[in-house]
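Undergrad: I have a structure here, written as structure tokens, and I will follow up with some questions on it.
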Amino acid sequence: MLGRQLNNLITSYHRGYNFYVEINGTGFSFSKASGIENDAQMEQHREGGYNYYTHYLRNQSSGSHVLTLEYGSTNMNFKLDEIEPGRYFPDGVYLTILNTSSLVSSKIFVLDGCYLQKISYGEMDAERSSLVINRMEIVYSRMACLTTGL
């Protein structure tokens, strides 16, 4: 059901790249995305008595991860400029990998516990006319990966 809802959003959105990011219900195209990871910290427990076995138990989340998104400073992304550092995203952030031949999603990364940590604006040079590349750093605590099977 979630994949179907996201596919409906994607079909109404202009495709710029092979992935699509939804922040607070609004879709954006980014030129690069990095920092999607999921890990577990394990704690070792030895059983009492004869100590034949060592058990490994998962600790609580060891901290946060940082999703870095890069985008060109254009009029298409004016809504991104309204988001200030410290903003919490209660609905999470969805990064959808699109099928290369159509607008159908093949994989969805769901990031939870997200807030905007930092925005950095690219170098502006008066001697050269080039696109300014901005970076957003979104901190998240948990990640789940959904495969749509298409």
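Residues in the structure tokens are named by chain (A, B, ... in the order shown) and by number from 1 within that chain; ligands are numbered from 1 in the order shown.
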Pull the strand (DSSP E) assignments for region 60-139 of chain A out of DSSP run on the backbone, and list those residues as a PyMOL selection string.
TA: chain A and resi 65-72+88-89+93-98+105-112+114-120+133-139
Undergrad: Residues near region 80-83 of chain A, anyone? I mean within 12 Å using only C-alpha atoms, not counting same-chain ones fewer than 3 positions away, as an MDAnalysis selection string.
TA: chainID A and resid 21:24 26:30 69:77 86:89 115:121 134:138
Undergrad: What is the CA of Leu57 (chain A) to CA of Met143 (chain A) distance in Å?
TA: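 These atoms are spaced 19.5 Å apart.
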Undergrad: May I ask for the distance between CA of Val93 (chain A) and CA of Val139 (chain A), given in Å to one decimal place?
TA: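 Atom-to-atom, CA of Val93 (chain A) and CA of Val139 (chain A) are spaced 10.3 Å apart.
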Undergrad: To one decimal place in Å, what is the distance between CA of Gly92 (chain A) and CA of Gly122 (chain A)?
TA: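 Answer for the CA of Gly92 (chain A) to CA of Gly122 (chain A) separation: 25.9 Å.
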Undergrad: Could you pull out the helix (DSSP H, G or I) residues of region 27-125 of chain A from DSSP and send them as a PyMOL selection string?
TA: chain A and resi 75-77+80-82
Undergrad: Excluding Gly113 (chain A) and its own-chain neighbours fewer than 5 positions away, which residues fall within 7 Å of it when counting only C-alpha atoms? Please give them as a list in words.
TA: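 In the requested form, the answer reads Gly92, Tyr140, Ser141 and Arg142 of chain A.
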Undergrad: Tell me which of A:Arg58, A:Leu146, A:Val132, A:Ala33 sits closest to His45 (chain A), counting only C-alpha atoms.
TA: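 Under the stated criterion, the closest residue is A:Arg58.
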